file structure00.cif (mmCIF, C-alpha atoms)
data_data
#
loop_
_atom_site.label_atom_id
_atom_site.label_comp_id
_atom_site.auth_asym_id
_atom_site.auth_seq_id
_atom_site.Cartn_x
_atom_site.Cartn_y
_atom_site.Cartn_z
CA MET S 12 117.99 81.18 92.89
CA PRO S 13 119.92 79.58 95.75
CA GLY S 14 118.41 79.25 99.23
CA TYR S 15 118.90 81.91 101.88
CA GLN S 16 121.86 80.12 103.47
CA ASP S 17 123.71 80.03 100.16
CA VAL S 18 122.85 83.66 99.48
CA LEU S 19 124.20 84.74 102.88
CA ARG S 20 127.38 82.74 102.37
CA LEU S 21 127.92 84.17 98.88
CA LEU S 22 127.25 87.72 100.07
CA ALA S 23 129.66 87.25 102.99
CA VAL S 24 132.51 86.42 100.63
CA ASN S 25 131.47 89.08 98.09
CA ASP S 26 130.82 86.50 95.38
CA ARG S 27 130.17 88.70 92.39
CA ARG S 28 128.54 85.87 90.46
CA LEU S 29 125.53 86.10 92.77
CA LEU S 30 124.62 89.61 91.69
CA ALA S 31 126.15 89.49 88.20
CA GLY S 32 122.82 88.58 86.63
CA LEU S 33 120.92 91.35 88.40
CA ARG S 34 121.22 94.26 86.05
CA GLY S 35 118.53 96.42 87.53
CA VAL S 36 115.75 96.94 90.00
CA ASP S 37 113.23 94.84 88.05
CA GLU S 38 115.51 91.81 88.00
CA ALA S 39 116.34 92.25 91.69
CA THR S 40 112.62 92.39 92.46
CA ALA S 41 112.08 89.12 90.63
CA VAL S 42 114.44 87.29 93.00
CA CYS S 43 112.73 88.70 96.10
CA ARG S 44 110.19 85.91 95.93
CA HIS S 45 109.83 85.68 99.71
CA LEU S 46 108.63 89.28 100.01
CA ASP S 47 105.50 90.74 98.52
CA PRO S 48 105.99 93.79 96.25
CA ARG S 49 104.77 96.27 98.91
CA THR S 50 107.21 94.95 101.51
CA THR S 51 110.05 94.90 98.98
CA ALA S 52 109.34 98.52 98.06
CA LEU S 53 109.17 99.64 101.71
CA VAL S 54 112.44 97.85 102.46
CA ARG S 55 113.99 99.80 99.60
CA VAL S 56 112.65 103.06 101.03
CA ALA S 57 114.19 102.14 104.40
CA SER S 58 117.51 101.28 102.81
CA LEU S 59 117.60 104.49 100.82
CA ALA S 60 116.71 106.50 103.91
CA ALA S 61 119.51 104.81 105.83
CA VAL S 62 122.15 105.75 103.28
CA GLY S 63 120.65 108.99 101.99
CA GLY S 64 120.11 109.88 98.39
CA PRO S 65 118.84 112.51 95.99
CA VAL S 66 115.22 113.57 95.77
CA GLU S 67 114.68 111.87 92.42
CA THR S 68 115.82 108.51 93.76
CA PHE S 69 113.43 108.91 96.68
CA ARG S 70 110.67 109.91 94.25
CA TRP S 71 110.84 106.73 92.19
CA THR S 72 111.47 104.50 95.21
CA ILE S 73 108.50 105.94 97.08
CA GLN S 74 106.38 105.87 93.92
CA ASP S 75 107.18 102.15 93.59
CA ALA S 76 106.02 101.66 97.20
CA LEU S 77 102.79 103.57 96.61
CA GLU S 78 102.07 101.66 93.40
CA ALA S 79 102.70 98.40 95.28
CA GLY S 80 99.96 99.27 97.79
CA ALA S 81 101.76 101.21 100.52
CA ASP S 82 100.43 104.58 101.59
CA GLU S 83 102.16 107.76 102.73
CA ASP S 84 101.67 106.87 106.41
CA GLN S 85 103.49 103.58 105.87
CA VAL S 86 106.36 105.34 104.11
CA VAL S 87 106.73 107.66 107.09
CA ALA S 88 106.40 104.71 109.48
CA VAL S 89 109.50 103.27 107.82
CA LEU S 90 111.41 106.36 108.95
CA LEU S 91 110.24 105.86 112.52
CA ALA S 92 111.15 102.17 112.37
CA ILE S 93 114.73 102.78 111.27
CA ALA S 94 115.42 105.85 113.44
CA PRO S 95 116.64 103.89 116.49
CA LEU S 96 119.07 101.96 114.29
CA VAL S 97 120.41 104.60 111.91
CA GLY S 98 120.03 107.56 114.24
CA VAL S 99 117.45 110.27 114.66
CA ALA S 100 119.83 112.84 113.16
CA ARG S 101 120.15 110.84 109.92
CA VAL S 102 116.38 110.44 109.67
CA ALA S 103 115.78 114.13 110.45
CA ALA S 104 118.28 115.04 107.73
CA ILE S 105 116.42 113.10 105.04
CA VAL S 106 112.90 114.15 106.08
CA PRO S 107 112.91 117.20 103.74
CA THR S 108 113.91 114.92 100.84
CA VAL S 109 111.17 112.42 101.66
CA ALA S 110 108.66 115.26 101.99
CA LEU S 111 109.60 116.53 98.53
CA ALA S 112 109.28 113.01 97.14
CA LEU S 113 105.78 112.85 98.64
CA ASP S 114 104.95 116.29 97.21
CA TYR S 115 104.51 117.67 100.72
CA ASP S 116 105.59 121.28 101.23
CA LEU S 117 107.38 120.85 104.53
CA ASP S 118 108.71 124.42 104.58
CA ALA S 119 105.21 125.88 104.27
CA ALA S 120 103.91 123.50 106.93
CA LEU S 121 106.72 124.49 109.33
CA GLU S 122 106.01 128.16 108.77
CA SER S 123 102.32 127.80 109.51
CA HIS S 124 102.67 125.60 112.61
CA ASP S 125 104.46 125.97 115.88
CA VAL S 126 106.87 123.08 116.22
#
call {"tool": "encode", "arguments": {"input": "structure00.cif", "output": "structure tokens"}}
result
Amino acid sequence: MPGYQDVLRLLAVNDRRLLAGLRGVDEATAVCRHLDPRTTALVRVASLAAVGGPVETFRWTIQDALEAGADEDQVVAVLLAIAPLVGVARVAAIVPTVALALDYDLDAALESHDV
């Protein structure tokens, strides 16, 4: 794997050879040697939250984070960390999806509490 400077340069010019060998999440994880598995998984949660995605994608991404040693509070902390950058409206829009991925019944909680 090339150094970070080479990676940035290759990404900047959309060099498809860089990512050609990465056929899936497991292979991409293998090249993230500078991040521990928990951090890698939380970064993926943040990225997915920033762009949105279906519940099932959040489920397996969050499950990966939990299996790598993160907890539910850290997953939610990721949302707070990205909110100033991606916008509170975007984060609020994906909260129900994240809640479903965490098996949290947000609708029931909202009904039983004054917001």
call {"tool": "resolve_selection", "arguments": {"input": "structure00.cif", "expression": "the PyMOL selection byres ((chain S and resi 111) around 12)", "output": "CSV table (one decimal) with C-alpha atoms, in the frame of the given file"}}
result
chain,number,residue,atom,x,y,z
S,65,PRO,CA,118.8,112.5,96.0
S,66,VAL,CA,115.2,113.6,95.8
S,67,GLU,CA,114.7,111.9,92.4
S,68,THR,CA,115.8,108.5,93.8
S,69,PHE,CA,113.4,108.9,96.7
S,70,ARG,CA,110.7,109.9,94.2
S,71,TRP,CA,110.8,106.7,92.2
S,73,ILE,CA,108.5,105.9,97.1
S,105,ILE,CA,116.4,113.1,105.0
S,106,VAL,CA,112.9,114.2,106.1
S,107,PRO,CA,112.9,117.2,103.7
S,108,THR,CA,113.9,114.9,100.8
S,109,VAL,CA,111.2,112.4,101.7
S,110,ALA,CA,108.7,115.3,102.0
S,112,ALA,CA,109.3,113.0,97.1
S,113,LEU,CA,105.8,112.8,98.6
S,114,ASP,CA,105.0,116.3,97.2
S,115,TYR,CA,104.5,117.7,100.7
S,116,ASP,CA,105.6,121.3,101.2
S,117,LEU,CA,107.4,120.8,104.5
S,118,ASP,CA,108.7,124.4,104.6
S,119,ALA,CA,105.2,125.9,104.3
call {"tool": "atom_distance", "arguments": {"input": "structure00.cif", "atom1": "atom CA of S:Gly63", "atom2": "atom CA of S:Leu96"}}
result
14.3 Å
call {"tool": "closest_residue", "arguments": {"input": "structure00.cif", "among": "S:Gly98, S:Ala79, S:His124, S:Val86", "to": "S:Ala57", "atoms": "only C-alpha atoms"}}
result
S:Val86
call {"tool": "atom_distance", "arguments": {"input": "structure00.cif", "atom1": "atom CA of S:Leu91", "atom2": "atom CA of S:Leu19"}}
result
27.1 Å
call {"tool": "atom_distance", "arguments": {"input": "structure00.cif", "atom1": "atom CA of S:Asp47", "atom2": "atom CA of S:Gln74"}}
result
15.8 Å
call {"tool": "closest_residue", "arguments": {"input": "structure00.cif", "among": "S:Glu122, S:Asp84, S:Asp75, S:Asp17", "to": "S:Val56", "atoms": "all atoms listed in the file"}}
result
S:Asp75
call {"tool": "closest_residue", "arguments": {"input": "structure00.cif", "among": "S:Ala88, S:Val102, S:Ala120, S:Leu77", "to": "S:Leu59", "atoms": "all atoms listed in the file"}}
result
S:Val102
call {"tool": "closest_residue", "arguments": {"input": "structure00.cif", "among": "S:Asp82, S:Val87, S:Leu53, S:Thr72", "to": "S:Ala103", "atoms": "only C-alpha atoms"}}
result
S:Val87
call {"tool": "decode", "arguments": {"input": "structure00.cif", "residues": "stretch 39-108 of chain S", "atoms": "C-alpha atoms", "output": "PDB file, in the first residue's frame"}}
result
ATOM      1  CA  ALA S  39     -10.809  -2.045   2.390  1.00  0.00           C
ATOM      2  CA  THR S  40     -10.490  -2.709   6.113  1.00  0.00           C
ATOM      3  CA  ALA S  41      -7.209  -4.510   5.556  1.00  0.00           C
ATOM      4  CA  VAL S  42      -5.641  -1.388   4.038  1.00  0.00           C
ATOM      5  CA  CYS S  43      -6.780   0.824   6.927  1.00  0.00           C
ATOM      6  CA  ARG S  44      -3.704  -0.183   8.870  1.00  0.00           C
ATOM      7  CA  HIS S  45      -3.372   3.202  10.573  1.00  0.00           C
ATOM      8  CA  LEU S  46      -6.797   2.933  12.219  1.00  0.00           C
ATOM      9  CA  ASP S  47      -7.894   0.347  14.718  1.00  0.00           C
ATOM     10  CA  PRO S  48     -11.023  -1.670  13.794  1.00  0.00           C
ATOM     11  CA  ARG S  49     -13.292   0.283  16.195  1.00  0.00           C
ATOM     12  CA  THR S  50     -12.233   3.635  14.750  1.00  0.00           C
ATOM     13  CA  THR S  51     -12.560   2.331  11.191  1.00  0.00           C
ATOM     14  CA  ALA S  52     -16.085   1.110  11.925  1.00  0.00           C
ATOM     15  CA  LEU S  53     -17.117   4.405  13.570  1.00  0.00           C
ATOM     16  CA  VAL S  54     -15.727   6.363  10.621  1.00  0.00           C
ATOM     17  CA  ARG S  55     -17.891   4.219   8.361  1.00  0.00           C
ATOM     18  CA  VAL S  56     -20.946   4.953  10.507  1.00  0.00           C
ATOM     19  CA  ALA S  57     -20.166   8.682  10.229  1.00  0.00           C
ATOM     20  CA  SER S  58     -19.733   8.452   6.473  1.00  0.00           C
ATOM     21  CA  LEU S  59     -22.967   6.546   6.036  1.00  0.00           C
ATOM     22  CA  ALA S  60     -24.804   9.024   8.240  1.00  0.00           C
ATOM     23  CA  ALA S  61     -23.428  11.890   6.167  1.00  0.00           C
ATOM     24  CA  VAL S  62     -24.725  10.468   2.896  1.00  0.00           C
ATOM     25  CA  GLY S  63     -27.774   8.618   4.189  1.00  0.00           C
ATOM     26  CA  GLY S  64     -28.653   5.048   3.464  1.00  0.00           C
ATOM     27  CA  PRO S  65     -31.150   2.274   4.052  1.00  0.00           C
ATOM     28  CA  VAL S  66     -31.776   0.705   7.438  1.00  0.00           C
ATOM     29  CA  GLU S  67     -30.077  -2.556   6.492  1.00  0.00           C
ATOM     30  CA  THR S  68     -26.852  -0.794   5.547  1.00  0.00           C
ATOM     31  CA  PHE S  69     -26.916   1.033   8.873  1.00  0.00           C
ATOM     32  CA  ARG S  70     -27.613  -2.275  10.636  1.00  0.00           C
ATOM     33  CA  TRP S  71     -24.517  -4.035   9.343  1.00  0.00           C
ATOM     34  CA  THR S  72     -22.326  -0.927   9.618  1.00  0.00           C
ATOM     35  CA  ILE S  73     -23.367  -0.327  13.222  1.00  0.00           C
ATOM     36  CA  GLN S  74     -23.093  -4.047  13.990  1.00  0.00           C
ATOM     37  CA  ASP S  75     -19.508  -3.950  12.702  1.00  0.00           C
ATOM     38  CA  ALA S  76     -18.815  -1.007  15.039  1.00  0.00           C
ATOM     39  CA  LEU S  77     -20.340  -2.801  18.025  1.00  0.00           C
ATOM     40  CA  GLU S  78     -18.403  -5.995  17.275  1.00  0.00           C
ATOM     41  CA  ALA S  79     -15.210  -3.915  17.015  1.00  0.00           C
ATOM     42  CA  GLY S  80     -15.703  -2.618  20.565  1.00  0.00           C
ATOM     43  CA  ALA S  81     -17.806   0.521  20.138  1.00  0.00           C
ATOM     44  CA  ASP S  82     -20.976   0.931  22.161  1.00  0.00           C
ATOM     45  CA  GLU S  83     -24.316   2.531  21.358  1.00  0.00           C
ATOM     46  CA  ASP S  84     -23.321   5.795  23.062  1.00  0.00           C
ATOM     47  CA  GLN S  85     -20.282   6.065  20.799  1.00  0.00           C
ATOM     48  CA  VAL S  86     -22.401   5.433  17.712  1.00  0.00           C
ATOM     49  CA  VAL S  87     -24.702   8.271  18.750  1.00  0.00           C
ATOM     50  CA  ALA S  88     -21.690  10.457  19.591  1.00  0.00           C
ATOM     51  CA  VAL S  89     -20.658  10.092  15.947  1.00  0.00           C
ATOM     52  CA  LEU S  90     -23.939  11.764  14.962  1.00  0.00           C
ATOM     53  CA  LEU S  91     -23.243  14.659  17.299  1.00  0.00           C
ATOM     54  CA  ALA S  92     -19.694  14.965  15.980  1.00  0.00           C
ATOM     55  CA  ILE S  93     -20.752  15.248  12.338  1.00  0.00           C
ATOM     56  CA  ALA S  94     -23.848  17.426  12.864  1.00  0.00           C
ATOM     57  CA  PRO S  95     -21.999  20.769  12.639  1.00  0.00           C
ATOM     58  CA  LEU S  96     -20.408  19.672   9.360  1.00  0.00           C
ATOM     59  CA  VAL S  97     -23.226  17.878   7.551  1.00  0.00           C
ATOM     60  CA  GLY S  98     -26.085  19.810   9.117  1.00  0.00           C
ATOM     61  CA  VAL S  99     -28.458  19.172  11.965  1.00  0.00           C
ATOM     62  CA  ALA S 100     -31.322  18.585   9.521  1.00  0.00           C
ATOM     63  CA  ARG S 101     -29.428  15.749   7.797  1.00  0.00           C
ATOM     64  CA  VAL S 102     -28.578  14.141  11.135  1.00  0.00           C
ATOM     65  CA  ALA S 103     -32.157  14.531  12.407  1.00  0.00           C
ATOM     66  CA  ALA S 104     -33.405  12.904   9.208  1.00  0.00           C
ATOM     67  CA  ILE S 105     -31.296   9.778   9.698  1.00  0.00           C
ATOM     68  CA  VAL S 106     -31.901   9.413  13.446  1.00  0.00           C
ATOM     69  CA  PRO S 107     -34.962   7.154  12.933  1.00  0.00           C
ATOM     70  CA  THR S 108     -32.869   4.898  10.676  1.00  0.00           C
TER      71      THR S 108
END
